[in-house]
Number of protein chains: 2
Amino acid sequence: MTGTRRKLIEGTIEVLRTRGIAGTSARAIANAAGVNQALAFYHFGTVDNLVDVACRESTAELLSHYHDRFLSVTSLRELLTLGRELNVTQRDAGNVTVLAQVLAGAQQDGSLASAARHSLGLWVAEIEAVLHRVLADSPVLELASAGDLAQAVAATFIGVELYEGVEPDAAARVLDTFETLSVLAEVLDDLGPVARRALRARLRRHRRPAVG
Amino acid sequence: MTGTRRKLIEGTIEVLRTRGIAGTSARAIANAAGVNQALAFYHFGTVDNLVDVACRESTAELLSHYHDRFLSVTSLRELLTLGRELNVTQRDAGNVTVLAQVLAGAQQDGSLASAARHSLGLWVAEIEAVLHRVLADSPVLELASAGDLAQAVAATFIGVELYEGVEPDAAARVLDTFETLSVLAEVLDDLGPVARRALRARLRRHRRPAVG
DNA sequence: GTCTATAGAGGGATAGAC
DNA sequence: GTCTATCCCTCTATAGAC
C-alpha cells in the first residue's frame with residue numbers, strides 16, 4: 001500500500017461523482033488522483049476492478065463513520081432525519097452518488113453488479129438492524145419484515161439521490177414527505193391495547209387476499 | 001419523418017436498455033437501428049440530443065399507452081399493483097430502465113438532465129392525478145400533498161428499477177412491501193367519523209415540532 | 001513501483017459524392 | 001436523405017526503460 005492505491009481509489013470516487021459512470025476512465029481517474037495513468041492497471045488490473053474496489057471501500061468507510069449514529073436512532077422519524085442528514089452532508093462528498101452511478105452501470109456489467117450488490121447489502125444490514133430495534137413492538141412488523149422494509153428504504157434512498165440531480169428541491173421534499181408519513185407509524189405505536197387489537201383485526205382482514 | 005428518425009429513436013432506447021448510458025454511442029445506436037452512423041448526426045445533430053429526444057418520446061408513448069389504466073385505478077393498493085405490472089411488463093421493453101439510465105447520466109450532463117426532468121414530470125403528473133382522486137377523502141392528504149406524494153412514488157419506483165438490476169428478487173419484494181403497507185392507508189380510510197377525529201388530533205400533536 | 005511511449009480499438013463529428 | 005471515407009480525439013491495456 002504505497003499511498004498510490006489510496007490516491008487511485010479516492011480519484012475514482014471523485015470521478016464517479018463529478019463525471020458519472022459514463023465519464024469514468026483510467027485517464028480521468030489518474031488525473032484526479034494525480035498519478036500516472038498506467039498505475040491504475042498496475043495496481044488494479046482493469047478499470048472495472050478499480051471501480052469495484054473503490055465502491056466497496058467507499059461504502060464501508062461511510063457506514064463505519066456513521067455506525068454510531070445508526071445505533072443512536074430510536075424511532076422511524078429519527079431514521080429519516082438521519083437519512084436527510086446523510087443526503088445533505090454527503091452531497092459534496094458524493095458517497096451515495098457513487099453508489100447510484102455504480103448501480104446504473106451494474107445493470108449491464110457483471111463486475112459492477114457485484115460491487116453494487118455488496119454495497120447495497122452493507123446499507124441494508126445497517127438499516128435492518130435499526131428497524132428491528134425501533135419497530136420491535138410496532139404492529140408495522142406484522143405487515144412486513146425488518147429486512148424487507150430495509151430494502152424498501154435503501155431502494156427509495158437511491159431513487160431520491162438520482163432525483164436530486166435533476167430536481168434538488170423536489171428531492172428534499174420527498175425526504176420531508178417520508179418523514180411526515182412516519183408519523184403514521186408513531187400513531188400506531190401509541191395506540192392503547194384495545195385500539196391496537198382492533199387495528200390488528202382490521203389489518204388481517206385487509207391483507208391482500210391473493211397474489212395479484 | 002423518413003422512418004429513419006423512428007429507427008434511430010428506437011435504436012437509442014434499445015442501446016440504453018442493453019448497454020446503459022455508459023455504452024451508448026452513435027455507432028452502437030446506428031447499429032441497433034440498422035442505419036448508417038452518420039445519419040444520427042444528420043437528424044439529431046449530437047448524440048446527447050438524440051438521447052434527449054428518445055427519452056422524452058419513449059416516456060410519452062409509454063404513459064399514453066397506460067393512461068387509461070391510470071384512470072381506472074381506484075385505490076392506493078391498485079396503484080401499487082399497476083406499478084408492479086409496469087415493472088414486470090416493461091422489464092423487457094425497458095422504458096423505465098431507460099429513464100433510470102438517463103437519470104444517472106443527468107447527474108453530470110445538462111442536456112440529459114433536461115430530458116430526465118421532463119420525463120419525470122410526465123410520470124409525476126400522471127401519478128399525482130391518481131393520488132388526488134384516490135385519496136380525496138383520506139386523512140393522508142393532511143400529512144402530505146398529492147404532488148409531494150407523487151414525487152415520492154416516482155423516486156421510489158426509479159430506485160426499485162435500479163435495485164432490480166442487481167437483486168431481482170429483492171426488487172420484487174420491495175414492491176410487495178409497499179403494496180402491503182398501503183393497507184395502512186386503507187385502514188385509515190375505513191375509520192368511522194369518531195375514530196377519525198381522534199386520529200386527526202393525534203396527527204396534529206405528532207406533527208414534527210421543528211424543521212430538524 | 002513508476003515512468004514514457006505506443007498499439008489498437010472505438011468514439012464524435014464532418015466533408016463530399018451520390 | 002443517404003452513403004463512404006476520414007479527421008482527430010479518447011479509450012484500455014501493454015511493453016519496456018528507469
# chains A, B, ... in the order shown; residues from 1 in each chain; ligands from 1
>>> closest_atom_pairs(of="chain B", to="chain C", cutoff="10 Å", atoms="only C-alpha atoms (C1' of nucleotides)", output="JSON lines")
{"residue": "B:Ser25", "atom": "CA", "partner": "C:DG11", "partner_atom": "C1'", "distance": 7.3}
{"residue": "B:Ala26", "atom": "CA", "partner": "C:DG12", "partner_atom": "C1'", "distance": 7.8}
{"residue": "B:Arg27", "atom": "CA", "partner": "C:DG11", "partner_atom": "C1'", "distance": 8.2}
{"residue": "B:Ala38", "atom": "CA", "partner": "C:DA13", "partner_atom": "C1'", "distance": 8.5}
{"residue": "B:Phe41", "atom": "CA", "partner": "C:DA13", "partner_atom": "C1'", "distance": 7.6}
{"residue": "B:Gly45", "atom": "CA", "partner": "C:DA13", "partner_atom": "C1'", "distance": 9.1}
{"residue": "B:Thr46", "atom": "CA", "partner": "C:DG12", "partner_atom": "C1'", "distance": 8.2}
{"residue": "B:Val47", "atom": "CA", "partner": "C:DG12", "partner_atom": "C1'", "distance": 8.2}
>>> write_last_selection(atoms="C-alpha atoms", output="CSV table (one decimal), in the first residue's frame")
chain,number,residue,atom,x,y,z
B,25,SER,CA,-22.7,5.8,-28.7
B,26,ALA,CA,-23.7,6.9,-32.2
B,27,ARG,CA,-22.2,3.8,-33.7
B,38,ALA,CA,-23.7,9.5,-40.0
B,41,PHE,CA,-25.8,13.4,-36.7
B,45,GLY,CA,-27.0,16.9,-34.5
B,46,THR,CA,-25.5,15.3,-31.5
B,47,VAL,CA,-25.8,12.0,-29.6
>>> interface_residues(of="chain B", to="chain A", cutoff="6 Å", atoms="only C-alpha atoms", output="list of chain:residue names")
B:Arg19, B:Ala22, B:Gln107, B:Gln108, B:Ala113, B:Arg117, B:Ala152, B:Ala155, B:Thr156, B:Ile158, B:Gly159, B:Val160, B:Gly165, B:Val166, B:Val174
>>> closest_atom_pairs(of="chain D", to="chain A", cutoff="12 Å", atoms="only C-alpha atoms (C1' of nucleotides)", output="Markdown table")
| residue | atom | partner | partner_atom | distance |
| --- | --- | --- | --- | --- |
| D:DT10 | C1' | A:Arg27 | CA | 9.0 |
| D:DC11 | C1' | A:Ser25 | CA | 7.5 |
| D:DT12 | C1' | A:Ala26 | CA | 7.9 |
| D:DA13 | C1' | A:Phe41 | CA | 7.6 |
| D:DT14 | C1' | A:Ala38 | CA | 9.2 |
| D:DA15 | C1' | A:Ala38 | CA | 11.6 |
>>> write_last_selection(atoms="C-alpha atoms (C1' of nucleotides)", output="PDB file, in the first residue's frame")
ATOM      1  C1'  DT D  10     -10.113   9.335 -26.062  1.00  0.00           C
ATOM      2  C1'  DC D  11     -10.097   4.845 -24.506  1.00  0.00           C
ATOM      3  C1'  DT D  12      -7.929   0.269 -22.456  1.00  0.00           C
ATOM      4  C1'  DA D  13      -4.047  -2.055 -21.960  1.00  0.00           C
ATOM      5  C1'  DT D  14       0.783  -3.367 -22.542  1.00  0.00           C
ATOM      6  C1'  DA D  15       5.960  -3.133 -23.356  1.00  0.00           C
TER       7       DA D  15
END
>>> atom_distance(atom1="C1' of DA17 (chain D)", atom2="CA of Arg5 (chain A)")
22.9 Å
>>> atom_distance(atom1="CA of Ser72 (chain A)", atom2="CA of Leu122 (chain A)")
17.9 Å
>>> atom_distance(atom1="CA of Ile127 (chain B)", atom2="CA of Ala54 (chain B)")
21.8 Å
>>> select_by_dssp(residues="region 25-211 of chain B", states="helix (DSSP H, G or I)", output="MDAnalysis selection string")
chainID B and resid 26:33 38:44 47:71 76:93 95:106 110:134 139:142 146:166 168:190 193:206
>>> write_last_selection(atoms="C-alpha atoms", output="compact mmCIF listing (two decimals), in the first residue's frame")
# COMPACT_ATOMS: atom_id res chain seq x y z
CA ALA B 26 -23.69 6.93 -32.20
CA ARG B 27 -22.16 3.78 -33.66
CA ALA B 28 -23.97 1.46 -31.26
CA ILE B 29 -27.27 3.25 -31.87
CA ALA B 30 -26.90 3.19 -35.65
CA ASN B 31 -26.04 -0.48 -35.50
CA ALA B 32 -29.11 -1.29 -33.40
CA ALA B 33 -31.26 0.84 -35.68
CA ALA B 38 -23.69 9.50 -39.98
CA LEU B 39 -27.49 9.73 -40.04
CA ALA B 40 -27.61 10.11 -36.27
CA PHE B 41 -25.83 13.44 -36.70
CA TYR B 42 -27.80 14.48 -39.78
CA HIS B 43 -31.13 14.02 -37.99
CA PHE B 44 -30.26 14.93 -34.43
CA VAL B 47 -25.79 12.00 -29.63
CA ASP B 48 -26.88 13.83 -26.49
CA ASN B 49 -29.76 15.40 -28.37
CA LEU B 50 -30.79 12.03 -29.81
CA VAL B 51 -30.85 10.52 -26.33
CA ASP B 52 -32.81 13.52 -25.11
CA VAL B 53 -35.50 13.15 -27.79
CA ALA B 54 -35.63 9.37 -27.42
CA CYS B 55 -36.14 9.63 -23.66
CA ARG B 56 -38.96 12.13 -23.97
CA GLU B 57 -40.78 10.26 -26.73
CA SER B 58 -40.34 6.90 -25.05
CA THR B 59 -41.86 8.18 -21.82
CA ALA B 60 -44.71 9.97 -23.54
CA GLU B 61 -45.57 6.89 -25.56
CA LEU B 62 -45.44 4.58 -22.56
CA LEU B 63 -47.64 6.87 -20.49
CA SER B 64 -50.17 7.42 -23.26
CA HIS B 65 -50.35 3.65 -23.61
CA TYR B 66 -51.08 3.29 -19.89
CA HIS B 67 -53.19 6.42 -19.42
CA ASP B 68 -56.47 4.50 -19.32
CA ARG B 69 -55.02 2.11 -16.76
CA PHE B 70 -54.11 5.02 -14.53
CA LEU B 71 -57.64 6.38 -14.94
CA LEU B 76 -53.62 3.17 -3.35
CA ARG B 77 -53.23 -0.57 -3.48
CA GLU B 78 -54.40 -0.71 -7.08
CA LEU B 79 -51.85 1.99 -7.93
CA LEU B 80 -49.10 -0.19 -6.49
CA THR B 81 -50.43 -3.22 -8.34
CA LEU B 82 -50.26 -1.21 -11.54
CA GLY B 83 -46.70 -0.26 -10.61
CA ARG B 84 -45.82 -3.90 -10.24
CA GLU B 85 -47.41 -4.69 -13.57
CA LEU B 86 -45.46 -1.87 -15.19
CA ASN B 87 -42.30 -3.23 -13.62
CA VAL B 88 -42.88 -6.73 -15.00
CA THR B 89 -44.32 -5.83 -18.38
CA GLN B 90 -41.82 -3.10 -19.18
CA ARG B 91 -38.80 -5.01 -17.96
CA ASP B 92 -38.15 -6.33 -21.45
CA ALA B 93 -39.35 -3.25 -23.29
CA ASN B 95 -38.79 2.01 -20.88
CA VAL B 96 -38.32 2.54 -17.17
CA THR B 97 -34.75 1.28 -17.33
CA VAL B 98 -34.12 3.90 -19.99
CA LEU B 99 -35.32 6.66 -17.69
CA ALA B 100 -33.10 5.35 -14.89
CA GLN B 101 -30.06 5.35 -17.20
CA VAL B 102 -30.79 8.86 -18.46
CA LEU B 103 -31.26 9.96 -14.87
CA ALA B 104 -27.85 8.56 -13.97
CA GLY B 105 -26.29 10.41 -16.88
CA ALA B 106 -28.26 13.53 -15.99
CA GLY B 110 -27.26 19.29 -18.58
CA SER B 111 -28.86 18.05 -21.76
CA LEU B 112 -29.71 14.70 -20.20
CA ALA B 113 -30.88 16.48 -17.06
CA SER B 114 -33.42 18.39 -19.10
CA ALA B 115 -34.73 15.19 -20.66
CA ALA B 116 -34.90 13.39 -17.32
CA ARG B 117 -36.69 16.33 -15.70
CA HIS B 118 -39.25 16.37 -18.46
CA SER B 119 -39.88 12.61 -18.37
CA LEU B 120 -40.11 12.53 -14.60
CA GLY B 121 -42.57 15.41 -14.82
CA LEU B 122 -44.83 13.35 -17.07
CA TRP B 123 -44.74 10.44 -14.61
CA VAL B 124 -45.36 12.64 -11.60
CA ALA B 125 -48.30 14.39 -13.26
CA GLU B 126 -49.95 11.07 -14.05
CA ILE B 127 -49.37 9.70 -10.54
CA GLU B 128 -50.46 12.93 -8.91
CA ALA B 129 -53.79 12.85 -10.74
CA VAL B 130 -54.39 9.32 -9.48
CA LEU B 131 -53.46 10.17 -5.90
CA HIS B 132 -55.61 13.26 -5.91
CA ARG B 133 -58.61 11.20 -6.95
CA VAL B 134 -57.89 8.14 -4.82
CA PRO B 139 -56.52 11.79 6.12
CA VAL B 140 -53.26 11.04 4.33
CA LEU B 141 -53.61 14.26 2.35
CA GLU B 142 -53.47 16.15 5.62
CA ALA B 146 -50.77 14.69 -3.70
CA GLY B 147 -47.94 16.35 -5.59
CA ASP B 148 -45.35 15.61 -2.92
CA LEU B 149 -46.59 12.04 -2.59
CA ALA B 150 -46.41 11.59 -6.36
CA GLN B 151 -42.78 12.67 -6.38
CA ALA B 152 -42.06 10.24 -3.57
CA VAL B 153 -43.70 7.44 -5.53
CA ALA B 154 -41.76 8.30 -8.69
CA ALA B 155 -38.42 8.48 -6.89
CA THR B 156 -39.10 5.17 -5.19
CA PHE B 157 -40.01 3.49 -8.46
CA ILE B 158 -36.75 4.65 -10.04
CA GLY B 159 -34.82 3.25 -7.10
CA VAL B 160 -36.61 -0.08 -7.38
CA GLU B 161 -35.80 -0.33 -11.08
CA LEU B 162 -32.10 0.13 -10.38
CA TYR B 163 -32.22 -2.26 -7.46
CA GLU B 164 -33.76 -4.83 -9.73
CA GLY B 165 -30.69 -4.96 -11.96
CA VAL B 166 -28.55 -6.35 -9.14
CA PRO B 168 -34.19 -9.09 -8.96
CA ASP B 169 -35.91 -10.91 -6.10
CA ALA B 170 -35.29 -8.12 -3.63
CA ALA B 171 -36.77 -5.56 -6.01
CA ALA B 172 -39.93 -7.62 -6.39
CA ARG B 173 -40.12 -7.85 -2.61
CA VAL B 174 -39.81 -4.09 -2.26
CA LEU B 175 -42.85 -3.62 -4.46
CA ASP B 176 -44.71 -6.21 -2.39
CA THR B 177 -43.71 -4.42 0.79
CA PHE B 178 -45.06 -1.08 -0.38
CA GLU B 179 -48.26 -2.72 -1.51
CA THR B 180 -48.66 -4.30 1.89
CA LEU B 181 -48.01 -1.01 3.64
CA SER B 182 -50.71 0.63 1.56
CA VAL B 183 -53.12 -1.36 3.71
CA LEU B 184 -52.43 1.22 6.40
CA ALA B 185 -53.92 3.93 4.22
CA GLU B 186 -56.98 1.77 3.62
CA VAL B 187 -57.40 1.22 7.32
CA LEU B 188 -57.30 4.97 7.85
CA ASP B 189 -59.91 5.48 5.18
CA ASP B 190 -62.25 2.95 6.78
CA PRO B 193 -66.03 9.62 11.97
CA VAL B 194 -65.29 9.45 15.67
CA ALA B 195 -62.08 7.44 15.41
CA ARG B 196 -61.11 9.65 12.52
CA ARG B 197 -61.44 12.80 14.52
CA ALA B 198 -59.31 11.23 17.23
CA LEU B 199 -56.68 10.30 14.67
CA ARG B 200 -56.65 13.84 13.29
CA ALA B 201 -56.00 15.23 16.73
CA ARG B 202 -53.26 12.73 17.22
CA LEU B 203 -51.59 13.59 13.90
CA ARG B 204 -51.69 17.27 14.72
CA ARG B 205 -49.95 16.61 18.01
CA HIS B 206 -47.36 14.41 16.33
>>> decode(residues="region 119-157 of chain A", atoms="N, CA and C atoms", output="CSV table (one decimal), in the first residue's frame")
chain,number,residue,atom,x,y,z
A,119,SER,N,-22.3,-3.4,-1.8
A,119,SER,CA,-22.5,-2.1,-1.1
A,119,SER,C,-23.9,-2.0,-0.6
A,120,LEU,N,-24.9,-2.3,-1.4
A,120,LEU,CA,-26.3,-2.2,-1.0
A,120,LEU,C,-26.5,-3.2,0.2
A,121,GLY,N,-25.9,-4.3,0.2
A,121,GLY,CA,-26.0,-5.2,1.3
A,121,GLY,C,-25.6,-4.6,2.6
A,122,LEU,N,-24.5,-3.9,2.6
A,122,LEU,CA,-24.0,-3.2,3.8
A,122,LEU,C,-25.0,-2.2,4.3
A,123,TRP,N,-25.6,-1.4,3.3
A,123,TRP,CA,-26.6,-0.4,3.7
A,123,TRP,C,-27.8,-1.1,4.3
A,124,VAL,N,-28.3,-2.1,3.6
A,124,VAL,CA,-29.5,-2.8,4.1
A,124,VAL,C,-29.3,-3.4,5.5
A,125,ALA,N,-28.1,-4.0,5.7
A,125,ALA,CA,-27.9,-4.6,7.0
A,125,ALA,C,-27.9,-3.6,8.1
A,126,GLU,N,-27.3,-2.4,7.9
A,126,GLU,CA,-27.3,-1.3,8.9
A,126,GLU,C,-28.8,-0.9,9.1
A,127,ILE,N,-29.5,-0.6,8.1
A,127,ILE,CA,-30.9,-0.1,8.2
A,127,ILE,C,-31.8,-1.2,8.9
A,128,GLU,N,-31.5,-2.5,8.5
A,128,GLU,CA,-32.4,-3.5,9.0
A,128,GLU,C,-32.2,-3.6,10.6
A,129,ALA,N,-30.9,-3.5,11.0
A,129,ALA,CA,-30.7,-3.5,12.5
A,129,ALA,C,-31.5,-2.4,13.2
A,130,VAL,N,-31.4,-1.2,12.6
A,130,VAL,CA,-32.2,-0.1,13.2
A,130,VAL,C,-33.7,-0.4,13.2
A,131,LEU,N,-34.2,-0.8,12.1
A,131,LEU,CA,-35.7,-1.1,12.0
A,131,LEU,C,-36.1,-2.2,13.0
A,132,HIS,N,-35.3,-3.2,13.1
A,132,HIS,CA,-35.6,-4.3,14.0
A,132,HIS,C,-35.7,-3.8,15.5
A,133,ARG,N,-34.8,-2.9,15.8
A,133,ARG,CA,-34.8,-2.4,17.2
A,133,ARG,C,-35.9,-1.4,17.4
A,134,VAL,N,-36.1,-0.5,16.4
A,134,VAL,CA,-37.0,0.6,16.5
A,134,VAL,C,-38.5,0.2,16.4
A,135,LEU,N,-38.7,-0.9,15.6
A,135,LEU,CA,-40.1,-1.3,15.4
A,135,LEU,C,-40.4,-2.5,16.2
A,136,ALA,N,-39.6,-2.9,17.2
A,136,ALA,CA,-39.7,-4.1,17.9
A,136,ALA,C,-41.2,-4.4,18.4
A,137,ASP,N,-41.8,-3.4,18.9
A,137,ASP,CA,-43.2,-3.5,19.5
A,137,ASP,C,-44.2,-3.0,18.5
A,138,SER,N,-43.9,-2.7,17.3
A,138,SER,CA,-44.8,-2.0,16.4
A,138,SER,C,-45.6,-3.0,15.6
A,139,PRO,N,-46.9,-2.7,15.4
A,139,PRO,CA,-47.7,-3.5,14.5
A,139,PRO,C,-47.2,-3.5,13.1
A,140,VAL,N,-46.3,-2.5,12.7
A,140,VAL,CA,-45.8,-2.5,11.4
A,140,VAL,C,-45.1,-3.8,11.0
A,141,LEU,N,-44.4,-4.4,11.9
A,141,LEU,CA,-43.7,-5.6,11.6
A,141,LEU,C,-44.6,-6.8,11.3
A,142,GLU,N,-45.9,-6.6,11.6
A,142,GLU,CA,-46.8,-7.7,11.2
A,142,GLU,C,-47.2,-7.5,9.8
A,143,LEU,N,-46.9,-6.4,9.2
A,143,LEU,CA,-47.2,-6.2,7.8
A,143,LEU,C,-46.0,-6.6,6.9
A,144,ALA,N,-44.8,-6.2,7.4
A,144,ALA,CA,-43.6,-6.5,6.6
A,144,ALA,C,-42.4,-6.7,7.5
A,145,SER,N,-41.5,-7.6,7.1
A,145,SER,CA,-40.3,-7.8,8.0
A,145,SER,C,-39.3,-6.7,8.0
A,146,ALA,N,-38.5,-6.6,9.0
A,146,ALA,CA,-37.5,-5.5,9.0
A,146,ALA,C,-36.6,-5.6,7.8
A,147,GLY,N,-36.2,-6.8,7.3
A,147,GLY,CA,-35.4,-7.0,6.2
A,147,GLY,C,-36.0,-6.4,4.9
A,148,ASP,N,-37.3,-6.7,4.7
A,148,ASP,CA,-38.0,-6.2,3.5
A,148,ASP,C,-38.1,-4.7,3.6
A,149,LEU,N,-38.4,-4.2,4.8
A,149,LEU,CA,-38.6,-2.8,5.0
A,149,LEU,C,-37.2,-2.1,4.7
A,150,ALA,N,-36.1,-2.7,5.2
A,150,ALA,CA,-34.8,-2.1,5.0
A,150,ALA,C,-34.5,-2.0,3.5
A,151,GLN,N,-34.8,-3.0,2.7
A,151,GLN,CA,-34.6,-3.0,1.3
A,151,GLN,C,-35.4,-1.9,0.6
A,152,ALA,N,-36.6,-1.7,1.1
A,152,ALA,CA,-37.5,-0.7,0.6
A,152,ALA,C,-36.9,0.7,0.9
A,153,VAL,N,-36.4,0.9,2.1
A,153,VAL,CA,-35.8,2.2,2.4
A,153,VAL,C,-34.5,2.4,1.6
A,154,ALA,N,-33.7,1.4,1.4
A,154,ALA,CA,-32.5,1.6,0.6
A,154,ALA,C,-32.8,1.9,-0.8
A,155,ALA,N,-33.8,1.2,-1.4
A,155,ALA,CA,-34.1,1.5,-2.8
A,155,ALA,C,-34.7,2.9,-3.0
A,156,THR,N,-35.5,3.3,-2.0
A,156,THR,CA,-36.0,4.6,-2.0
A,156,THR,C,-35.0,5.7,-2.0
A,157,PHE,N,-34.0,5.5,-1.1
A,157,PHE,CA,-32.9,6.5,-0.9
A,157,PHE,C,-32.1,6.6,-2.2
